[in-house]
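Engineer: Here you go, this is work.txt (compact mmCIF, C-alpha atoms).
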# COMPACT_ATOMS: atom_id res chain seq x y z
CA MET E 61 17.48 27.99 11.82
CA PRO E 62 16.64 28.19 15.51
CA VAL E 63 15.74 24.53 15.91
CA ASN E 64 15.01 23.83 19.53
CA ALA E 65 17.88 21.76 20.92
CA ASP E 66 15.77 20.88 23.95
CA PHE E 67 14.03 18.30 21.77
CA GLN E 68 17.14 16.10 21.69
CA GLY E 69 16.49 12.92 23.64
CA ARG E 70 12.75 13.29 23.49
CA GLU E 71 10.66 10.15 23.08
CA TYR E 72 7.06 10.37 21.94
CA PRO E 73 4.25 8.06 22.97
CA PRO E 74 3.39 5.28 20.49
CA THR E 75 1.20 6.44 17.62
CA GLU E 76 -2.21 5.14 16.74
CA PRO E 77 -1.77 2.01 14.61
CA TYR E 78 -1.22 2.44 10.87
CA ARG E 79 -2.95 -0.32 8.94
CA VAL E 80 -0.84 -1.58 6.06
CA SER E 81 -3.09 -2.31 3.08
CA ALA E 82 -2.45 -4.33 -0.05
CA ALA E 83 -3.64 -1.32 -2.04
CA LYS E 84 -1.07 1.03 -0.50
CA ILE E 85 1.69 -1.52 -0.99
CA ARG E 86 0.77 -1.83 -4.67
CA GLU E 87 0.62 1.94 -5.10
CA PHE E 88 4.00 2.40 -3.44
CA ALA E 89 5.64 -0.43 -5.38
CA GLU E 90 4.39 1.03 -8.66
CA ALA E 91 5.66 4.49 -7.71
CA VAL E 92 9.22 3.25 -7.07
CA GLY E 93 9.14 0.80 -9.97
CA SER E 94 9.47 -2.36 -7.89
CA THR E 95 8.03 -5.06 -10.16
CA ASP E 96 8.48 -8.05 -7.83
CA PRO E 97 5.07 -9.80 -7.85
CA VAL E 98 5.43 -10.34 -4.10
CA HIS E 99 4.03 -6.80 -3.71
CA VAL E 100 0.81 -7.48 -5.59
CA ASP E 101 0.12 -11.22 -5.74
CA ALA E 102 -0.83 -12.82 -2.43
CA ASP E 103 -0.30 -16.33 -3.83
CA VAL E 104 3.27 -15.49 -4.78
CA ALA E 105 3.81 -13.95 -1.35
CA ARG E 106 2.44 -17.02 0.43
CA SER E 107 4.56 -19.33 -1.74
CA ARG E 108 7.58 -17.49 -0.37
CA GLY E 109 6.42 -17.91 3.21
CA TYR E 110 4.84 -14.51 3.81
CA ALA E 111 1.37 -14.11 5.29
CA ASP E 112 0.26 -11.74 2.50
CA VAL E 113 1.75 -9.28 0.03
CA ILE E 114 4.80 -7.50 1.43
CA ALA E 115 6.01 -3.93 1.06
CA PRO E 116 9.16 -2.75 -0.75
CA PRO E 117 12.15 -2.06 1.53
CA THR E 118 11.57 1.69 1.76
CA PHE E 119 7.80 1.60 2.35
CA ALA E 120 8.44 1.99 6.08
CA VAL E 121 9.31 5.63 5.45
CA LEU E 122 5.63 6.32 4.90
CA ILE E 123 4.84 5.35 8.48
CA ALA E 124 8.05 6.78 9.90
CA GLN E 125 7.49 10.19 8.29
CA GLN E 126 4.01 10.33 9.76
CA CYS E 127 5.61 9.72 13.14
CA ASP E 128 8.21 12.41 12.42
CA GLY E 129 5.30 14.79 11.89
CA GLN E 130 4.84 14.91 15.65
CA LEU E 131 8.19 16.69 15.81
CA VAL E 132 8.28 18.54 12.49
CA ARG E 133 4.84 20.09 12.94
CA ASP E 134 5.36 21.05 16.57
CA PRO E 135 5.74 24.86 16.54
CA ASP E 136 7.96 24.64 19.61
CA ALA E 137 10.49 22.57 17.65
CA GLY E 138 11.19 25.53 15.34
CA ILE E 139 11.45 23.47 12.14
CA ASP E 140 10.57 25.35 8.93
CA PHE E 141 9.23 22.49 6.83
CA SER E 142 9.72 24.45 3.59
CA ARG E 143 13.46 24.47 4.27
CA VAL E 144 13.73 20.78 5.12
CA VAL E 145 15.69 18.42 2.91
CA HIS E 146 16.39 14.79 3.61
CA GLY E 147 20.01 14.15 4.60
CA GLU E 148 20.19 10.48 5.46
CA GLN E 149 17.91 7.47 5.84
CA ARG E 150 18.42 3.95 7.11
CA PHE E 151 16.17 0.95 7.67
CA VAL E 152 16.78 -2.19 9.64
CA HIS E 153 14.03 -4.67 8.88
CA HIS E 154 13.23 -7.31 11.45
CA ARG E 155 10.71 -8.71 8.98
CA PRO E 156 8.93 -7.28 5.90
CA LEU E 157 5.94 -5.01 6.41
CA THR E 158 2.98 -7.12 5.36
CA ALA E 159 -0.57 -6.32 4.28
CA GLY E 160 -2.81 -6.57 7.30
CA ASP E 161 -0.19 -5.35 9.75
CA ALA E 162 -1.33 -2.74 12.27
CA ILE E 163 1.88 -0.82 12.96
CA VAL E 164 2.59 1.41 15.90
CA GLY E 165 5.50 3.86 15.70
CA THR E 166 7.49 5.23 18.58
CA LEU E 167 9.48 8.35 17.68
CA HIS E 168 12.79 9.17 19.32
CA VAL E 169 14.68 12.41 18.68
CA ASP E 170 18.26 11.15 18.83
CA THR E 171 20.22 14.31 17.98
CA VAL E 172 19.66 17.98 17.20
CA ARG E 173 22.77 19.82 16.00
CA GLU E 174 24.02 22.75 13.95
CA ALA E 175 26.54 22.33 11.13
CA GLY E 176 27.66 24.76 8.47
CA GLY E 177 24.79 27.15 9.05
CA HIS E 178 22.21 24.39 8.82
CA ALA E 179 20.39 22.46 11.50
CA MET E 180 20.37 18.67 11.43
CA VAL E 181 17.90 16.51 13.29
CA THR E 182 18.21 12.74 13.54
CA THR E 183 15.13 10.79 14.49
CA ARG E 184 14.62 7.08 15.03
CA THR E 185 11.23 5.46 14.70
CA GLU E 186 10.72 2.01 16.10
CA LEU E 187 7.93 0.29 14.19
CA ALA E 188 6.22 -2.66 15.82
CA THR E 189 2.94 -4.49 15.66
CA GLU E 190 0.25 -3.66 18.17
CA ALA E 191 1.28 -6.84 19.97
CA GLY E 192 4.80 -5.47 20.29
CA GLU E 193 6.61 -7.53 17.63
CA PRO E 194 9.47 -5.39 16.26
CA VAL E 195 9.16 -4.89 12.51
CA CYS E 196 11.50 -2.08 11.46
CA THR E 197 13.85 0.54 12.85
CA ALA E 198 13.85 3.63 10.62
CA THR E 199 16.51 6.29 11.23
CA SER E 200 16.29 9.61 9.44
CA THR E 201 18.38 12.76 9.36
CA ILE E 202 16.75 15.91 8.07
CA VAL E 203 18.61 19.09 7.24
CA ILE E 204 16.90 22.43 7.83
CA ARG E 205 18.72 24.76 5.46
CA GLY E 206 19.86 28.04 6.95
CA GLY E 207 18.44 31.31 5.61
CA GLU E 208 20.26 33.33 3.01
CA MET N 1384 -2.32 -22.99 -19.47
CA ASN N 1385 -1.85 -24.13 -15.99
CA GLU N 1386 -1.03 -27.79 -15.95
CA GLN N 1387 2.19 -27.55 -14.04
CA PRO N 1388 2.11 -29.86 -11.04
CA THR N 1389 0.98 -27.95 -8.02
CA THR N 1390 3.19 -29.32 -5.37
CA PRO N 1391 3.86 -26.63 -2.80
CA ALA N 1392 3.84 -23.47 -4.87
CA ALA N 1393 7.17 -22.83 -6.50
CA PRO N 1394 9.41 -20.95 -4.08
CA ALA N 1395 10.98 -17.70 -5.15
CA THR N 1396 14.05 -18.13 -7.26
CA VAL N 1397 16.23 -16.45 -4.71
CA ARG N 1398 19.88 -16.15 -5.62
CA SER N 1399 22.12 -18.65 -3.89
CA ALA N 1400 25.04 -17.39 -1.82
CA ALA N 1401 27.12 -20.11 -3.48
CA ASP N 1402 26.69 -18.35 -6.83
CA VAL N 1403 27.89 -14.94 -5.62
CA THR N 1404 31.44 -13.61 -5.44
CA VAL N 1405 32.71 -10.52 -3.69
CA GLY N 1406 33.47 -7.83 -6.25
CA GLU N 1407 30.73 -9.02 -8.59
CA ALA N 1408 28.81 -6.25 -10.32
CA LEU N 1409 25.01 -6.24 -10.39
CA PRO N 1410 23.30 -5.39 -13.69
CA ALA N 1411 23.11 -1.60 -13.89
CA VAL N 1412 19.86 0.23 -14.58
CA THR N 1413 18.78 3.70 -15.65
CA ILE N 1414 15.75 5.11 -13.84
CA HIS N 1415 13.90 7.88 -15.58
CA VAL N 1416 12.12 10.36 -13.36
CA ASP N 1417 9.79 13.14 -14.45
CA ARG N 1418 7.22 15.38 -12.80
CA PRO N 1419 4.30 12.94 -13.15
CA ARG N 1420 6.41 10.28 -11.47
CA LEU N 1421 7.15 12.62 -8.57
CA VAL N 1422 3.46 13.38 -8.15
CA GLN N 1423 2.80 9.64 -8.21
CA TYR N 1424 5.46 9.08 -5.55
CA ALA N 1425 4.16 11.99 -3.47
CA GLY N 1426 0.72 10.38 -3.40
CA ALA N 1427 1.99 6.88 -2.76
CA SER N 1428 4.36 7.89 0.02
CA LEU N 1429 2.19 10.66 1.50
CA ASP N 1430 5.23 12.98 1.25
CA ARG N 1431 3.58 16.01 -0.30
CA ASN N 1432 6.35 18.53 0.26
CA ARG N 1433 5.88 21.09 -2.51
CA ILE N 1434 9.58 21.21 -3.37
CA HIS N 1435 8.98 17.92 -5.17
CA TRP N 1436 6.32 19.12 -7.60
CA ASP N 1437 5.78 22.89 -7.39
CA GLU N 1438 8.47 24.68 -9.42
CA PRO N 1439 7.77 28.28 -8.32
CA PHE N 1440 7.66 27.11 -4.72
CA ALA N 1441 10.92 25.17 -5.04
CA LYS N 1442 12.67 28.20 -6.54
CA GLN N 1443 11.21 30.50 -3.92
CA VAL N 1444 12.86 28.45 -1.16
CA GLY N 1445 16.22 28.60 -2.91
CA LEU N 1446 16.34 25.37 -4.91
CA PRO N 1447 17.39 25.38 -8.57
CA ASP N 1448 14.15 23.65 -9.62
CA VAL N 1449 11.87 20.87 -8.45
CA ILE N 1450 13.93 18.07 -6.89
CA ALA N 1451 13.07 14.41 -6.56
CA HIS N 1452 12.23 13.01 -3.16
CA GLY N 1453 15.43 11.50 -1.79
CA MET N 1454 13.21 8.59 -0.84
CA PHE N 1455 12.13 8.17 -4.45
CA THR N 1456 15.76 7.80 -5.50
CA MET N 1457 16.50 5.50 -2.58
CA GLY N 1458 13.39 3.39 -3.15
CA SER N 1459 13.82 3.03 -6.89
CA ALA N 1460 17.58 2.37 -6.67
CA VAL N 1461 17.10 -0.64 -4.41
CA THR N 1462 15.08 -2.43 -7.09
CA LEU N 1463 18.51 -3.19 -8.58
CA VAL N 1464 19.18 -5.27 -5.46
CA THR N 1465 15.75 -6.82 -5.03
CA ASP N 1466 15.59 -7.89 -8.68
CA TRP N 1467 19.06 -9.43 -8.42
CA VAL N 1468 18.30 -11.20 -5.12
CA GLY N 1469 14.95 -12.47 -6.41
CA ASP N 1470 12.73 -11.48 -3.49
CA ALA N 1471 12.09 -7.95 -2.22
CA GLY N 1472 11.52 -9.34 1.26
CA ARG N 1473 15.13 -10.43 1.63
CA VAL N 1474 16.52 -6.92 2.17
CA VAL N 1475 17.20 -6.64 5.90
CA GLU N 1476 19.16 -3.38 5.99
CA TYR N 1477 19.30 -0.41 3.67
CA GLY N 1478 20.76 2.99 4.29
CA THR N 1479 22.08 5.98 2.39
CA ARG N 1480 23.04 9.62 2.51
CA PHE N 1481 21.47 12.03 0.09
CA THR N 1482 24.52 13.84 -1.22
CA LYS N 1483 23.03 15.88 -4.07
CA PRO N 1484 19.44 16.51 -5.06
CA VAL N 1485 18.15 15.03 -8.31
CA VAL N 1486 16.95 18.10 -10.17
CA VAL N 1487 13.89 17.29 -12.28
CA PRO N 1488 13.16 19.87 -14.98
CA TYR N 1489 9.66 20.12 -16.41
CA ASP N 1490 10.98 19.28 -19.87
CA GLY N 1491 12.58 15.89 -20.17
CA GLY N 1492 12.89 15.00 -16.51
CA ALA N 1493 16.11 13.35 -15.35
CA ASP N 1494 17.88 10.01 -15.53
CA ILE N 1495 19.37 8.29 -12.50
CA GLU N 1496 22.10 5.76 -13.33
CA VAL N 1497 22.30 3.02 -10.72
CA SER N 1498 24.98 0.38 -10.40
CA GLY N 1499 25.93 -1.98 -7.61
CA VAL N 1500 28.78 -4.18 -6.49
CA VAL N 1501 29.02 -6.98 -3.93
CA LYS N 1502 31.18 -5.71 -1.10
CA ALA N 1503 30.88 -8.61 1.33
CA LEU N 1504 29.34 -12.04 1.69
CA ASP N 1505 29.02 -14.10 4.83
CA PRO N 1506 28.77 -17.77 3.82
CA GLU N 1507 27.41 -18.72 7.26
CA THR N 1508 24.51 -16.28 7.46
CA LYS N 1509 24.26 -15.88 3.66
CA ARG N 1510 24.05 -12.13 4.16
CA VAL N 1511 25.31 -10.21 1.16
CA THR N 1512 26.30 -6.55 1.32
CA VAL N 1513 25.81 -4.51 -1.85
CA GLU N 1514 27.07 -0.99 -2.34
CA LEU N 1515 25.00 1.06 -4.75
CA THR N 1516 26.18 3.99 -6.82
CA ALA N 1517 23.56 6.39 -8.14
CA THR N 1518 24.35 9.38 -10.31
CA ALA N 1519 22.28 12.03 -12.05
CA GLY N 1520 23.76 14.60 -14.39
CA GLY N 1521 27.18 13.14 -13.65
CA GLU N 1522 26.93 13.76 -9.90
CA LYS N 1523 26.60 11.19 -7.15
CA VAL N 1524 23.17 11.58 -5.60
CA LEU N 1525 23.46 8.80 -3.02
CA GLY N 1526 26.42 8.40 -0.69
CA ARG N 1527 27.35 5.26 1.20
CA ALA N 1528 24.28 3.49 -0.16
CA ILE N 1529 24.49 0.05 1.36
CA ALA N 1530 21.91 -2.74 1.21
CA VAL N 1531 22.17 -6.02 3.06
CA ALA N 1532 20.09 -8.99 1.92
CA VAL N 1533 19.80 -12.62 2.95
CA LEU N 1534 20.43 -15.07 0.10
CA ASP N 1535 19.53 -18.74 -0.10
Step by step, read the file and then write its structure as structure tokens.
Structural biologist:
Amino acid sequence: MPVNADFQGREYPPTEPYRVSAAKIREFAEAVGSTDPVHVDADVARSRGYADVIAPPTFAVLIAQQCDGQLVRDPDAGIDFSRVVHGEQRFVHHRPLTAGDAIVGTLHVDTVREAGGHAMVTTRTELATEAGEPVCTATSTIVIRGGE
Amino acid sequence: MNEQPTTPAAPATVRSAADVTVGEALPAVTIHVDRPRLVQYAGASLDRNRIHWDEPFAKQVGLPDVIAHGMFTMGSAVTLVTDWVGDAGRVVEYGTRFTKPVVVPYDGGADIEVSGVVKALDPETKRVTVELTATAGGEKVLGRAIAVAVLD
């Protein structure tokens, strides 16, 4: 449970770009059961004004959780990944993630706190294109369950 | 057969704000989840935490059994909204708390019951706010699950 409170307020440098592929969008859409053809048919996507197939609303978590890894896997942070459960998640989409996007994530550790014997860490990942166009703000709270 | 006139490709049949009333219920769905589905989601999402597929591991860290990814529940529940809106790209905000884990036994898996109701509608911006309710085994598994989408 000794999560390092010094991490609160930390901002990480932007990640290497994650390239959003049509194949990953399809795989993700199938896994969550999103049958909208806009995930798999580029003609449908273009007919709706998108540049290519677009991702389901929660796809951004895939990129955001990779960004969170910078914190979660840092031994100095003191987070026991085997005791982590997801407490809360929120997305604000500035536009849909689209096949072909190269997305850079900037991780912010907003809060680190203790509650009821557990530690709670809230992170915010700002996802943007390499050119700096904002795409999604993903906010996540993880709970690190206290030991018995 | 493909002889329909090909004027600009047919736009999505996105629900019109004029056809929506506050308090309206969205068609409810039941989402079945089993271990193969969790493995599929683990691969698709790159979230390979063993608590979502490795029963001895899950029990060793104090869980009753394998539990679904909260993000699986969140991601599958919002299909209620995207199907109703008519375009998955219209969801501009979506957030939830994970109030209880969805326990997924090896035998039979679990069912997640999802319903939704229109909580607000802004006729100017055509933004509709839907509150989702998701239960498994009679317990609410999502709390304050709110999606905002832009209608036509």
Engineer: Just the number, please: distance in Å from CA of Ala1401 (chain N) to CA of Arg108 (chain E), one decimal.
Structural biologist: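 Computing it gives 20.0 Å between the two atoms.
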Engineer: Work out how far apart CA of Pro74 (chain E) and CA of Thr185 (chain E) are and give it in Å to one decimal.
Structural biologist: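 It comes out at 9.7 Å.
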Engineer: Please list, as a compact mmCIF listing (two decimals) with C-alpha atoms, in the coordinates of the input, the residues that have an atom at most 6 Å away from (10.1, 15.2, 17.1) in the coordinates of this file, counting all atoms listed in the file.
Structural biologist:
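point-v3.txt, freshly written:
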# COMPACT_ATOMS: atom_id res chain seq x y z
CA ASP E 128 8.21 12.41 12.42
CA GLN E 130 4.84 14.91 15.65
CA LEU E 131 8.19 16.69 15.81
CA VAL E 132 8.28 18.54 12.49
CA VAL E 169 14.68 12.41 18.68
Engineer: Do me a favour and pick out the residues of chain N within 8 Å of chain E, using all atoms listed in the file, as a PyMOL selection string.
Structural biologist: chain N and resi 1391-1395+1420+1423-1424+1427-1430+1432-1434+1444+1453-1455+1457-1459+1461-1462+1465-1466+1469-1472+1474-1482
Engineer: I'd like the interatomic distance between CA of Gly1406 (chain N) and CA of Asp1535 (chain N), to a tenth of an Å.
Structural biologist: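 Spanning CA of Gly1406 (chain N) to CA of Asp1535 (chain N) is a straight-line distance of 18.7 Å.
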Engineer: Skipping near chain neighbours, those fewer than 4 positions away, what residues fall within 8 Å of Val1464 (chain N) using only C-alpha atoms, listed as a PyMOL selection string?
Structural biologist: chain N and resi 1409+1460+1468+1499+1513+1530
Engineer: Any chance you could work out the axis-aligned box around region 79-94 of chain E, listed atoms only, 8 Å on each side, giving centre and edge lengths in Å to one decimal, as JSON?
Structural biologist:
{"center_x": 2.9, "center_y": 0.1, "center_z": -0.5, "size_x": 29.1, "size_y": 24.8, "size_z": 34.9}
Engineer: Could you check the closest approach to Ala1425 (chain N) for each of N:Gly1520, N:His1452, N:Asp1437, N:Val1485 and tell me which residue wins, using all atoms listed in the file?
Structural biologist: N:His1452
Engineer: List as a count of residues only the protein and nucleic acid residues near Pro1419 (chain N), meaning an atom at most 12 Å away when all atoms listed in the file are counted, but skip any in the same chain fewer than 3 places from it.
Structural biologist: 19
Engineer: Choose the residue, out of E:Val172, E:Ala159, E:Ala124, E:Val100, that has the smallest atom-to-atom separation from Gly69 (chain E); count only C-alpha atoms.
Structural biologist: E:Val172
